[in-house]
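Q: PDB, C-alpha atoms, file target_14.pdb:
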```pdb
ATOM      1  CA  GLN A   1      92.285  63.810  92.412  1.00  0.00           C
ATOM      2  CA  VAL A   2      92.743  66.672  89.962  1.00  0.00           C
ATOM      3  CA  GLN A   3      92.474  65.875  86.269  1.00  0.00           C
ATOM      4  CA  LEU A   4      92.934  67.938  83.128  1.00  0.00           C
ATOM      5  CA  VAL A   5      91.064  66.791  80.035  1.00  0.00           C
ATOM      6  CA  GLU A   6      92.180  68.293  76.744  1.00  0.00           C
ATOM      7  CA  SER A   7      90.362  68.313  73.436  1.00  0.00           C
ATOM      8  CA  GLY A   8      90.423  70.018  70.079  1.00  0.00           C
ATOM      9  CA  GLY A   9      93.630  68.783  68.490  1.00  0.00           C
ATOM     10  CA  GLY A  10      93.768  67.379  64.998  1.00  0.00           C
ATOM     11  CA  LEU A  11      95.018  67.808  61.469  1.00  0.00           C
ATOM     12  CA  VAL A  12      94.694  71.154  59.721  1.00  0.00           C
ATOM     13  CA  GLN A  13      96.182  72.777  56.652  1.00  0.00           C
ATOM     14  CA  ALA A  14      98.570  75.677  56.954  1.00  0.00           C
ATOM     15  CA  GLY A  15      96.652  78.906  57.436  1.00  0.00           C
ATOM     16  CA  GLY A  16      93.816  77.132  59.200  1.00  0.00           C
ATOM     17  CA  SER A  17      92.550  77.350  62.755  1.00  0.00           C
ATOM     18  CA  LEU A  18      92.001  75.090  65.723  1.00  0.00           C
ATOM     19  CA  ARG A  19      90.670  75.650  69.212  1.00  0.00           C
ATOM     20  CA  LEU A  20      92.027  73.645  72.106  1.00  0.00           C
ATOM     21  CA  SER A  21      90.113  73.210  75.337  1.00  0.00           C
ATOM     22  CA  CYS A  22      91.271  72.007  78.740  1.00  0.00           C
ATOM     23  CA  ALA A  23      88.809  71.315  81.521  1.00  0.00           C
ATOM     24  CA  ALA A  24      90.074  70.868  85.070  1.00  0.00           C
ATOM     25  CA  SER A  25      88.131  68.725  87.503  1.00  0.00           C
ATOM     26  CA  GLY A  26      88.568  67.611  91.092  1.00  0.00           C
ATOM     27  CA  SER A  27      89.224  69.366  94.366  1.00  0.00           C
ATOM     28  CA  ILE A  28      90.909  72.402  92.911  1.00  0.00           C
ATOM     29  CA  PHE A  29      91.412  75.576  94.862  1.00  0.00           C
ATOM     30  CA  SER A  30      93.328  78.790  94.368  1.00  0.00           C
ATOM     31  CA  ILE A  31      94.234  78.487  90.686  1.00  0.00           C
ATOM     32  CA  LYS A  32      97.296  80.618  90.053  1.00  0.00           C
ATOM     33  CA  PHE A  33      98.076  79.853  86.450  1.00  0.00           C
ATOM     34  CA  MET A  34      96.665  77.970  83.480  1.00  0.00           C
ATOM     35  CA  GLY A  35      98.651  77.529  80.342  1.00  0.00           C
ATOM     36  CA  TRP A  36      99.504  75.609  77.222  1.00  0.00           C
ATOM     37  CA  TYR A  37     102.869  74.102  76.448  1.00  0.00           C
ATOM     38  CA  ARG A  38     103.926  72.202  73.365  1.00  0.00           C
ATOM     39  CA  GLN A  39     106.574  69.685  72.476  1.00  0.00           C
ATOM     40  CA  ALA A  40     107.626  68.947  68.934  1.00  0.00           C
ATOM     41  CA  PRO A  41     109.591  65.789  68.035  1.00  0.00           C
ATOM     42  CA  GLY A  42     113.188  66.104  69.148  1.00  0.00           C
ATOM     43  CA  LYS A  43     112.585  69.411  70.914  1.00  0.00           C
ATOM     44  CA  GLN A  44     112.097  70.533  74.476  1.00  0.00           C
ATOM     45  CA  ARG A  45     108.691  71.364  75.853  1.00  0.00           C
ATOM     46  CA  GLU A  46     108.033  75.097  75.601  1.00  0.00           C
ATOM     47  CA  LEU A  47     105.463  77.502  76.956  1.00  0.00           C
ATOM     48  CA  VAL A  48     103.057  78.641  74.255  1.00  0.00           C
ATOM     49  CA  ALA A  49     100.647  80.801  76.251  1.00  0.00           C
ATOM     50  CA  GLY A  50      99.595  81.336  79.838  1.00  0.00           C
ATOM     51  CA  ILE A  51      97.018  83.214  81.874  1.00  0.00           C
ATOM     52  CA  ASN A  52      97.300  83.957  85.569  1.00  0.00           C
ATOM     53  CA  SER A  53      94.703  84.422  88.267  1.00  0.00           C
ATOM     54  CA  GLY A  54      94.466  88.121  87.504  1.00  0.00           C
ATOM     55  CA  GLY A  55      93.782  87.521  83.854  1.00  0.00           C
ATOM     56  CA  SER A  56      97.172  88.638  82.575  1.00  0.00           C
ATOM     57  CA  THR A  57      98.404  86.706  79.592  1.00  0.00           C
ATOM     58  CA  ASN A  58     101.759  85.929  78.065  1.00  0.00           C
ATOM     59  CA  TYR A  59     102.729  84.326  74.783  1.00  0.00           C
ATOM     60  CA  ALA A  60     105.735  82.841  73.117  1.00  0.00           C
ATOM     61  CA  ASP A  61     107.094  85.232  70.501  1.00  0.00           C
ATOM     62  CA  SER A  62     106.456  82.648  67.797  1.00  0.00           C
ATOM     63  CA  VAL A  63     102.686  82.689  68.368  1.00  0.00           C
ATOM     64  CA  LYS A  64     102.010  86.323  69.248  1.00  0.00           C
ATOM     65  CA  GLY A  65      99.262  87.760  67.092  1.00  0.00           C
ATOM     66  CA  ARG A  66      98.096  84.298  66.008  1.00  0.00           C
ATOM     67  CA  PHE A  67      97.122  82.490  69.231  1.00  0.00           C
ATOM     68  CA  THR A  68      94.781  83.682  71.962  1.00  0.00           C
ATOM     69  CA  ILE A  69      94.426  82.142  75.396  1.00  0.00           C
ATOM     70  CA  SER A  70      91.251  82.601  77.420  1.00  0.00           C
ATOM     71  CA  ARG A  71      89.747  81.181  80.564  1.00  0.00           C
ATOM     72  CA  ASP A  72      86.319  80.302  81.923  1.00  0.00           C
ATOM     73  CA  ASN A  73      86.755  80.670  85.668  1.00  0.00           C
ATOM     74  CA  ALA A  74      83.340  79.264  86.528  1.00  0.00           C
ATOM     75  CA  ASN A  75      84.154  75.982  84.813  1.00  0.00           C
ATOM     76  CA  ASN A  76      87.918  75.861  85.404  1.00  0.00           C
ATOM     77  CA  THR A  77      88.464  75.653  81.670  1.00  0.00           C
ATOM     78  CA  VAL A  78      91.185  77.212  79.554  1.00  0.00           C
ATOM     79  CA  TYR A  79      91.104  77.627  75.792  1.00  0.00           C
ATOM     80  CA  LEU A  80      93.704  78.225  73.131  1.00  0.00           C
ATOM     81  CA  GLN A  81      92.457  79.686  69.876  1.00  0.00           C
ATOM     82  CA  MET A  82      95.070  79.073  67.205  1.00  0.00           C
ATOM     83  CA  ASN A  83      94.805  80.959  63.924  1.00  0.00           C
ATOM     84  CA  SER A  84      97.061  81.193  60.883  1.00  0.00           C
ATOM     85  CA  LEU A  85      98.622  77.889  61.792  1.00  0.00           C
ATOM     86  CA  LYS A  86     102.015  77.008  60.369  1.00  0.00           C
ATOM     87  CA  PRO A  87     103.707  73.640  59.881  1.00  0.00           C
ATOM     88  CA  GLU A  88     106.148  74.582  62.648  1.00  0.00           C
ATOM     89  CA  ASP A  89     103.220  74.684  65.085  1.00  0.00           C
ATOM     90  CA  THR A  90     102.982  70.904  64.768  1.00  0.00           C
ATOM     91  CA  ALA A  91     103.465  69.421  68.221  1.00  0.00           C
ATOM     92  CA  VAL A  92     101.784  67.735  71.141  1.00  0.00           C
ATOM     93  CA  TYR A  93     100.078  70.449  73.150  1.00  0.00           C
ATOM     94  CA  TYR A  94      99.832  70.046  76.917  1.00  0.00           C
ATOM     95  CA  CYS A  95      97.584  71.871  79.316  1.00  0.00           C
ATOM     96  CA  ASN A  96      99.167  72.970  82.600  1.00  0.00           C
ATOM     97  CA  LEU A  97      97.590  74.045  85.858  1.00  0.00           C
ATOM     98  CA  LEU A  98      99.331  75.626  88.846  1.00  0.00           C
ATOM     99  CA  TRP A  99      97.083  75.687  91.891  1.00  0.00           C
ATOM    100  CA  GLY A 100      96.851  75.426  95.646  1.00  0.00           C
ATOM    101  CA  LEU A 101     100.237  75.231  97.348  1.00  0.00           C
ATOM    102  CA  LEU A 102     101.978  75.516  93.968  1.00  0.00           C
ATOM    103  CA  ILE A 103     100.841  72.099  92.749  1.00  0.00           C
ATOM    104  CA  ASN A 104     101.665  71.522  89.109  1.00  0.00           C
ATOM    105  CA  THR A 105      99.275  69.347  87.106  1.00  0.00           C
ATOM    106  CA  TRP A 106      99.558  68.324  83.443  1.00  0.00           C
ATOM    107  CA  GLY A 107      97.088  67.086  80.892  1.00  0.00           C
ATOM    108  CA  GLN A 108      97.699  64.029  78.754  1.00  0.00           C
ATOM    109  CA  GLY A 109      98.450  66.055  75.636  1.00  0.00           C
ATOM    110  CA  THR A 110      96.663  66.552  72.345  1.00  0.00           C
ATOM    111  CA  LEU A 111      98.339  66.315  68.956  1.00  0.00           C
ATOM    112  CA  VAL A 112      98.183  69.225  66.542  1.00  0.00           C
ATOM    113  CA  THR A 113      99.420  68.545  63.024  1.00  0.00           C
ATOM    114  CA  VAL A 114      99.667  71.334  60.470  1.00  0.00           C
ATOM    115  CA  SER A 115     100.224  70.256  56.891  1.00  0.00           C
ATOM    116  CA  SER A 116     101.914  72.467  54.326  1.00  0.00           C
TER     117      SER A 116
END
```
Have the structure of the file written as structure tokens, please.
A:
Amino acid sequence: QVQLVESGGGLVQAGGSLRLSCAASGSIFSIKFMGWYRQAPGKQRELVAGINSGGSTNYADSVKGRFTISRDNANNTVYLQMNSLKPEDTAVYYCNLLWGLLINTWGQGTLVTVSS
């Protein structure tokens, strides 16, 4: 069974930084994509940042220049460094893994709260 364990969420003041981590465990093979999504109250879940098997990254326009996604292939771990945080970044952040025969796996979510 594949599991994603997220950590690093919390409360931070505007302008501060947080680093999210997501470690994948289990019988994983052929990882195609690892990414972070977020869902704010009353809003749809949206892609924040992603990194594919070749190392290419993509970001939501709202976080470009502030967030950086990176990946540790040896440990099947993906990170999201979030700098210059804004109150509108407040959301539950979910790790996502696309692997094998296009199997989609989600983490349990970690809450990020940015106070003004």
Q: Residues within 7 Å of region 5-19 of chain A, please, as a PyMOL selection string. Count only C-alpha atoms; anything in the same chain fewer than 4 positions from it doesn't count.
A: chain A and resi 23-24+79-87+95+107+109-116
Q: Give me the residues within 8 Å of region 31-33 of chain A as a ChimeraX atom specification, counting all atoms listed in the file and dropping any in the same chain fewer than 3 places off.
A: /A:28,50-53,96-100,102
Q: Evaluate the PyMOL selection byres ((chain A and resi 27) around 7) against this structure - the residues, as a PyMOL selection string, please.
A: chain A and resi 1-2+25-26+28-29
Q: Mind telling me what the PyMOL selection byres ((chain A and resi 69) around 12) catches here, as a PDB file with C-alpha atoms, in the coordinates of the input?
A:
```pdb
ATOM      1  CA  ARG A  19      90.670  75.650  69.212  1.00  0.00           C
ATOM      2  CA  LEU A  20      92.027  73.645  72.106  1.00  0.00           C
ATOM      3  CA  SER A  21      90.113  73.210  75.337  1.00  0.00           C
ATOM      4  CA  CYS A  22      91.271  72.007  78.740  1.00  0.00           C
ATOM      5  CA  PHE A  33      98.076  79.853  86.450  1.00  0.00           C
ATOM      6  CA  MET A  34      96.665  77.970  83.480  1.00  0.00           C
ATOM      7  CA  GLY A  35      98.651  77.529  80.342  1.00  0.00           C
ATOM      8  CA  TRP A  36      99.504  75.609  77.222  1.00  0.00           C
ATOM      9  CA  TYR A  37     102.869  74.102  76.448  1.00  0.00           C
ATOM     10  CA  VAL A  48     103.057  78.641  74.255  1.00  0.00           C
ATOM     11  CA  ALA A  49     100.647  80.801  76.251  1.00  0.00           C
ATOM     12  CA  GLY A  50      99.595  81.336  79.838  1.00  0.00           C
ATOM     13  CA  ILE A  51      97.018  83.214  81.874  1.00  0.00           C
ATOM     14  CA  ASN A  52      97.300  83.957  85.569  1.00  0.00           C
ATOM     15  CA  GLY A  55      93.782  87.521  83.854  1.00  0.00           C
ATOM     16  CA  SER A  56      97.172  88.638  82.575  1.00  0.00           C
ATOM     17  CA  THR A  57      98.404  86.706  79.592  1.00  0.00           C
ATOM     18  CA  ASN A  58     101.759  85.929  78.065  1.00  0.00           C
ATOM     19  CA  TYR A  59     102.729  84.326  74.783  1.00  0.00           C
ATOM     20  CA  ALA A  60     105.735  82.841  73.117  1.00  0.00           C
ATOM     21  CA  VAL A  63     102.686  82.689  68.368  1.00  0.00           C
ATOM     22  CA  LYS A  64     102.010  86.323  69.248  1.00  0.00           C
ATOM     23  CA  GLY A  65      99.262  87.760  67.092  1.00  0.00           C
ATOM     24  CA  ARG A  66      98.096  84.298  66.008  1.00  0.00           C
ATOM     25  CA  PHE A  67      97.122  82.490  69.231  1.00  0.00           C
ATOM     26  CA  THR A  68      94.781  83.682  71.962  1.00  0.00           C
ATOM     27  CA  SER A  70      91.251  82.601  77.420  1.00  0.00           C
ATOM     28  CA  ARG A  71      89.747  81.181  80.564  1.00  0.00           C
ATOM     29  CA  ASP A  72      86.319  80.302  81.923  1.00  0.00           C
ATOM     30  CA  THR A  77      88.464  75.653  81.670  1.00  0.00           C
ATOM     31  CA  VAL A  78      91.185  77.212  79.554  1.00  0.00           C
ATOM     32  CA  TYR A  79      91.104  77.627  75.792  1.00  0.00           C
ATOM     33  CA  LEU A  80      93.704  78.225  73.131  1.00  0.00           C
ATOM     34  CA  GLN A  81      92.457  79.686  69.876  1.00  0.00           C
ATOM     35  CA  MET A  82      95.070  79.073  67.205  1.00  0.00           C
ATOM     36  CA  ASN A  83      94.805  80.959  63.924  1.00  0.00           C
ATOM     37  CA  CYS A  95      97.584  71.871  79.316  1.00  0.00           C
TER      38      CYS A  95
END
```
Q: So which one's closest to Ser62 (chain A), A:Asn76, A:Gly42, A:Glu88, A:Gln108? Using all atoms listed in the file, please.
A: A:Glu88
Q: Expressed in Å to a single decimal, how great is the separation between CA of Thr105 (chain A) and CA of Asp61 (chain A)?
A: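 According to the coordinates, CA of Thr105 (chain A) and CA of Asp61 (chain A) are separated by 24.3 Å.
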Q: Could you state which residues are captured by the PyMOL selection byres ((chain A and resi 43) around 12) in this file, as a VMD selection string?
A: chain A and resid 38 to 42 44 to 46 88 90 to 92
